[in-house]
Structures are given as structure tokens and as C-alpha cells.
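Content type mmCIF, C-alpha atoms, from the file protein_20.cif:
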```
data_structure
loop_
_atom_site.group_PDB
_atom_site.id
_atom_site.type_symbol
_atom_site.label_atom_id
_atom_site.label_comp_id
_atom_site.auth_asym_id
_atom_site.auth_seq_id
_atom_site.Cartn_x
_atom_site.Cartn_y
_atom_site.Cartn_z
ATOM 1 C CA MET A 16 108.047 95.226 94.556
ATOM 2 C CA SER A 17 105.967 93.013 96.801
ATOM 3 C CA GLN A 18 107.770 90.527 99.019
ATOM 4 C CA LEU A 19 105.260 87.803 98.128
ATOM 5 C CA PHE A 20 106.704 85.241 95.741
ATOM 6 C CA THR A 21 103.599 83.152 95.092
ATOM 7 C CA CYS A 22 100.284 84.359 93.802
ATOM 8 C CA PRO A 23 97.684 84.598 96.605
ATOM 9 C CA VAL A 24 94.709 84.690 94.223
ATOM 10 C CA SER A 25 93.143 81.986 92.113
ATOM 11 C CA GLY A 26 90.430 81.901 89.515
ATOM 12 C CA PRO A 27 89.914 84.883 87.231
ATOM 13 C CA LYS A 28 93.098 86.834 86.822
ATOM 14 C CA GLN A 29 91.760 90.272 87.695
ATOM 15 C CA MET A 30 92.588 92.541 90.623
ATOM 16 C CA VAL A 31 91.152 95.901 91.600
ATOM 17 C CA VAL A 32 93.216 98.490 93.454
ATOM 18 C CA ALA A 33 91.656 101.585 94.963
ATOM 19 C CA THR A 34 93.641 104.799 95.173
ATOM 20 C CA ASP A 35 92.975 108.393 96.128
ATOM 21 C CA ALA A 36 96.501 109.836 95.805
ATOM 22 C CA SER A 37 97.036 109.624 99.575
ATOM 23 C CA PRO A 38 100.115 107.837 100.956
ATOM 24 C CA TYR A 39 97.820 104.887 101.753
ATOM 25 C CA GLY A 40 96.504 104.831 98.187
ATOM 26 C CA GLU A 41 100.042 105.010 96.831
ATOM 27 C CA ALA A 42 101.081 102.081 99.049
ATOM 28 C CA ALA A 43 98.080 100.068 97.830
ATOM 29 C CA VAL A 44 99.032 100.727 94.204
ATOM 30 C CA ALA A 45 102.651 99.701 94.827
ATOM 31 C CA GLU A 46 101.554 96.444 96.484
ATOM 32 C CA ALA A 47 99.006 95.727 93.753
ATOM 33 C CA MET A 48 101.597 96.276 91.024
ATOM 34 C CA GLY A 49 103.921 93.781 92.697
ATOM 35 C CA LEU A 50 101.120 91.236 92.954
ATOM 36 C CA ALA A 51 100.030 91.841 89.362
ATOM 37 C CA MET A 52 103.554 91.092 88.174
ATOM 38 C CA VAL A 53 103.856 87.899 90.263
ATOM 39 C CA CYS A 54 100.359 86.694 89.327
ATOM 40 C CA ALA A 55 100.339 87.855 85.681
ATOM 41 C CA THR A 56 97.064 89.544 86.557
ATOM 42 C CA LYS A 57 95.234 92.405 84.916
ATOM 43 C CA LEU A 58 94.996 95.352 87.296
ATOM 44 C CA THR A 59 92.093 97.781 87.335
ATOM 45 C CA VAL A 60 92.897 101.008 89.165
ATOM 46 C CA VAL A 61 89.780 102.586 90.662
ATOM 47 C CA ALA A 62 89.774 106.193 91.809
ATOM 48 C CA VAL A 63 86.830 108.186 93.092
ATOM 49 C CA LEU A 64 86.761 111.942 92.861
ATOM 50 C CA GLU A 65 84.599 112.613 95.860
ATOM 51 C CA GLY A 66 82.308 115.563 95.724
ATOM 52 C CA ASN A 67 79.195 117.154 97.003
ATOM 53 C CA GLU A 68 77.408 119.409 94.517
ATOM 54 C CA GLU A 69 76.443 121.994 97.134
ATOM 55 C CA TYR A 70 79.922 122.196 98.658
ATOM 56 C CA ASP A 71 81.624 122.168 95.261
ATOM 57 C CA ALA A 72 79.408 125.074 94.173
ATOM 58 C CA ILE A 73 80.580 127.079 97.195
ATOM 59 C CA ALA A 74 84.246 126.068 96.873
ATOM 60 C CA PRO A 75 84.895 125.299 93.188
ATOM 61 C CA ASP A 76 88.648 125.835 93.626
ATOM 62 C CA ARG A 77 88.805 122.933 96.080
ATOM 63 C CA ALA A 78 87.045 120.599 93.650
ATOM 64 C CA GLU A 79 89.345 121.675 90.821
ATOM 65 C CA ALA A 80 92.458 121.227 92.978
ATOM 66 C CA GLU A 81 91.330 117.724 94.009
ATOM 67 C CA GLY A 82 90.704 116.810 90.380
ATOM 68 C CA THR A 83 94.142 118.065 89.357
ATOM 69 C CA ARG A 84 95.852 116.234 92.235
ATOM 70 C CA LEU A 85 94.118 112.973 91.309
ATOM 71 C CA LYS A 86 94.958 113.370 87.605
ATOM 72 C CA VAL A 87 98.660 113.897 88.368
ATOM 73 C CA HIS A 88 98.632 110.814 90.601
ATOM 74 C CA LEU A 89 96.871 108.647 88.015
ATOM 75 C CA ASP A 90 99.244 109.803 85.270
ATOM 76 C CA ALA A 91 102.157 108.607 87.437
ATOM 77 C CA VAL A 92 100.373 105.308 88.139
ATOM 78 C CA ARG A 93 99.735 104.780 84.413
ATOM 79 C CA ALA A 94 103.416 105.450 83.630
ATOM 80 C CA ALA A 95 104.529 102.931 86.277
ATOM 81 C CA LEU A 96 102.114 100.296 84.962
ATOM 82 C CA LEU A 97 103.302 100.807 81.389
ATOM 83 C CA GLU A 98 106.943 100.655 82.472
ATOM 84 C CA ARG A 99 106.313 97.318 84.194
ATOM 85 C CA GLN A 100 104.214 96.082 81.253
ATOM 86 C CA ILE A 101 101.238 95.334 83.491
ATOM 87 C CA GLU A 102 97.935 94.945 81.679
ATOM 88 C CA HIS A 103 95.679 97.564 83.208
ATOM 89 C CA GLU A 104 92.669 99.806 83.083
ATOM 90 C CA ILE A 105 92.107 103.037 85.013
ATOM 91 C CA VAL A 106 88.569 103.943 86.034
ATOM 92 C CA VAL A 107 87.610 107.270 87.616
ATOM 93 C CA HIS A 108 84.228 107.716 89.265
ATOM 94 C CA HIS A 109 82.603 110.891 90.560
ATOM 95 C CA GLY A 110 80.487 110.638 93.687
ATOM 96 C CA ASP A 111 80.319 110.463 97.442
ATOM 97 C CA ASP A 112 80.480 106.703 98.125
ATOM 98 C CA PRO A 113 83.946 105.391 97.197
ATOM 99 C CA ALA A 114 83.355 101.984 98.774
ATOM 100 C CA ARG A 115 80.297 101.362 96.620
ATOM 101 C CA PHE A 116 82.216 102.153 93.408
ATOM 102 C CA ILE A 117 85.112 99.892 94.437
ATOM 103 C CA ILE A 118 82.789 97.010 95.336
ATOM 104 C CA ASP A 119 80.660 97.422 92.202
ATOM 105 C CA ASP A 120 83.734 97.464 89.944
ATOM 106 C CA ALA A 121 85.148 94.340 91.616
ATOM 107 C CA ARG A 122 81.823 92.566 91.155
ATOM 108 C CA ARG A 123 81.440 93.714 87.522
ATOM 109 C CA LEU A 124 84.965 92.554 86.674
ATOM 110 C CA GLY A 125 84.783 89.254 88.552
ATOM 111 C CA ALA A 126 87.866 90.316 90.508
ATOM 112 C CA SER A 127 89.784 87.795 92.594
ATOM 113 C CA MET A 128 91.084 90.456 94.958
ATOM 114 C CA ILE A 129 90.680 94.095 95.960
ATOM 115 C CA VAL A 130 93.757 95.937 97.223
ATOM 116 C CA ILE A 131 93.043 99.016 99.324
ATOM 117 C CA GLY A 132 94.917 101.286 101.711
ATOM 118 C CA LYS A 133 94.176 101.144 105.423
ATOM 119 C CA HIS A 134 93.013 104.745 105.272
ATOM 120 C CA GLY A 135 92.334 107.193 102.514
ATOM 121 C CA ALA A 136 92.778 110.906 102.173
ATOM 122 C CA ARG A 137 90.830 112.129 105.166
ATOM 123 C CA ARG A 138 89.236 115.519 104.705
ATOM 124 C CA GLY A 139 86.733 117.460 106.728
ATOM 125 C CA ILE A 140 84.372 115.449 108.887
ATOM 126 C CA LYS A 141 85.616 112.213 107.296
ATOM 127 C CA ARG A 142 88.715 112.531 109.516
ATOM 128 C CA LEU A 143 86.480 111.205 112.291
ATOM 129 C CA PHE A 144 85.754 107.986 110.399
ATOM 130 C CA VAL A 145 89.225 106.525 110.100
ATOM 131 C CA GLY A 146 89.257 103.650 107.649
ATOM 132 C CA ALA A 147 85.515 103.843 106.960
ATOM 133 C CA VAL A 148 85.918 103.108 103.237
ATOM 134 C CA ALA A 149 88.243 100.162 103.880
ATOM 135 C CA GLU A 150 85.864 98.764 106.507
ATOM 136 C CA LYS A 151 82.895 98.991 104.152
ATOM 137 C CA VAL A 152 84.845 97.352 101.316
ATOM 138 C CA ILE A 153 85.929 94.508 103.624
ATOM 139 C CA ALA A 154 82.346 93.979 104.799
ATOM 140 C CA ASP A 155 80.705 93.983 101.362
ATOM 141 C CA ALA A 156 83.373 92.857 98.876
ATOM 142 C CA PRO A 157 82.569 89.948 96.549
ATOM 143 C CA CYS A 158 86.173 88.684 96.821
ATOM 144 C CA SER A 159 89.241 88.729 99.065
ATOM 145 C CA VAL A 160 90.510 92.118 100.247
ATOM 146 C CA LEU A 161 94.133 92.985 100.950
ATOM 147 C CA VAL A 162 94.468 95.996 103.261
ATOM 148 C CA VAL A 163 97.839 97.710 102.896
ATOM 149 C CA ARG A 164 99.462 99.666 105.716
ATOM 150 C CA THR A 165 102.114 102.331 105.341
ATOM 151 C CA GLY A 166 105.086 102.967 107.573
ATOM 152 C CA SER A 167 103.472 106.105 108.983
#
```
How does this structure look as C-alpha cells?
Amino acid sequence: MSQLFTCPVSGPKQMVVATDASPYGEAAVAEAMGLAMVCATKLTVVAVLEGNEEYDAIAPDRAEAEGTRLKVHLDAVRAALLERQIEHEIVVHHGDDPARFIIDDARRLGASMIVIGKHGARRGIKRLFVGAVAEKVIADAPCSVLVVRTGS
């Protein structure tokens, strides 16, 4: 659980956590769950199944494997949230702009905070843009953003 003992957010009791099943996403979820318990806050878990129609048509197995990996991760997240009795919602988007979905959901929900990993699952050319999603969320978020690091 989080080492914070006071709630760092005020106003509407709603937090958004972004996850992609990477170690960074898992760390963000763990931190957000700790905060949600301390703050008695509803937690909305946002995941984006990234895809490109042309690439997915050429490599449908990759798209299916990514979908399966994300589903397994979100099932585990849901179980952990239920076990801790944290009020929650899980939202899955499909598209190629994760930051936009995260920001739009935070705005729609009137979130007090977004929790995001320092990096996400970096695939293909996106390996060159380390932390690009986190940077975009920080720049455009309608609320505070907590960036979570991992030990690696």
C-alpha cells in the first residue's frame, strides 16, 4: 500500500489511473489503489488497446495477443479492487492516442488526480519516445498528475 498517510487530493473524490499491463502501469495501479483507500476515492482505471488498422490487418495475431494480455491484467486489477473494497470503474479504449483518452476521461469525470506510470509498454518505434504519453498527460491534464516510478 502507499506510504502516504494523508490524502493529497481535494474536491471531487475521483481519481483516474492509466495502465497498459507494463511494470510501470502495474506500479501506477498499486499506488492509485493505496491512495484510493486513504482518500476514500472512487478509482477509474483507464486502459487503451493501441492499434493501427493497417498494421493489425497484417499482424492480427499481435493485436489478439495484446488484447488477451490486457484482459488478463485488467481481470487481476478488478480482483484486487474488489478485494480492497475500492469503488471503481474500468474503461477500455481502442485507438492510437492513449494520452488523449486519459485526459478526456479525467476531464469527463471531474477527476482530482491522474496516476500514471513514468513509461508505458514501449513497442516498435515508440521505444524512441520514452515517456511520451506521460509527458503529454502532464502537459494537458485538467488536474494534478502523479507520475509513478518503478524500481527498474
I'd like the residues picked by the PyMOL selection byres ((chain A and resi 82-96) around 10) written out as a PyMOL selection string, using the chain letters and numbers from the file.
chain A and resi 34-37+40-41+44-45+48+51-52+58+60-65+76-81+97-107
Using all atoms listed in the file, which protein or nucleic acid residues come within 9 Å of A:Met128? Drop anything in the same chain fewer than 6 positions from it, and give the result as a ChimeraX atom specification.
/A:23-24,29-32,121,156-161
I need the residue set behind the PyMOL selection byres ((chain A and resi 150-154) around 9) for this file; please write it as a PDB file with C-alpha atoms, in the coordinates of the input.
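Generated file (selection_23.pdb):
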```pdb
ATOM      1  CA  ALA A 114      83.355 101.984  98.774  1.00  0.00           C
ATOM      2  CA  ARG A 115      80.297 101.362  96.620  1.00  0.00           C
ATOM      3  CA  ILE A 117      85.112  99.892  94.437  1.00  0.00           C
ATOM      4  CA  ILE A 118      82.789  97.010  95.336  1.00  0.00           C
ATOM      5  CA  ILE A 129      90.680  94.095  95.960  1.00  0.00           C
ATOM      6  CA  ILE A 131      93.043  99.016  99.324  1.00  0.00           C
ATOM      7  CA  LYS A 133      94.176 101.144 105.423  1.00  0.00           C
ATOM      8  CA  GLY A 146      89.257 103.650 107.649  1.00  0.00           C
ATOM      9  CA  ALA A 147      85.515 103.843 106.960  1.00  0.00           C
ATOM     10  CA  VAL A 148      85.918 103.108 103.237  1.00  0.00           C
ATOM     11  CA  ALA A 149      88.243 100.162 103.880  1.00  0.00           C
ATOM     12  CA  ASP A 155      80.705  93.983 101.362  1.00  0.00           C
ATOM     13  CA  ALA A 156      83.373  92.857  98.876  1.00  0.00           C
ATOM     14  CA  CYS A 158      86.173  88.684  96.821  1.00  0.00           C
ATOM     15  CA  SER A 159      89.241  88.729  99.065  1.00  0.00           C
ATOM     16  CA  VAL A 160      90.510  92.118 100.247  1.00  0.00           C
ATOM     17  CA  LEU A 161      94.133  92.985 100.950  1.00  0.00           C
ATOM     18  CA  VAL A 162      94.468  95.996 103.261  1.00  0.00           C
TER      19      VAL A 162
END
```
Could you tell me how far atom CA of A:Gly132 lies from atom CA of A:Pro113, in Å and to one decimal?
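Between atom CA of A:Gly132 and atom CA of A:Pro113 the gap works out to 12.6 Å.
Take the candidates A:Thr165, A:Ile73, A:Gly49, A:Thr59 and check each one against A:Gly125 using all atoms listed in the file; the shortest distance goes to A:Thr59.
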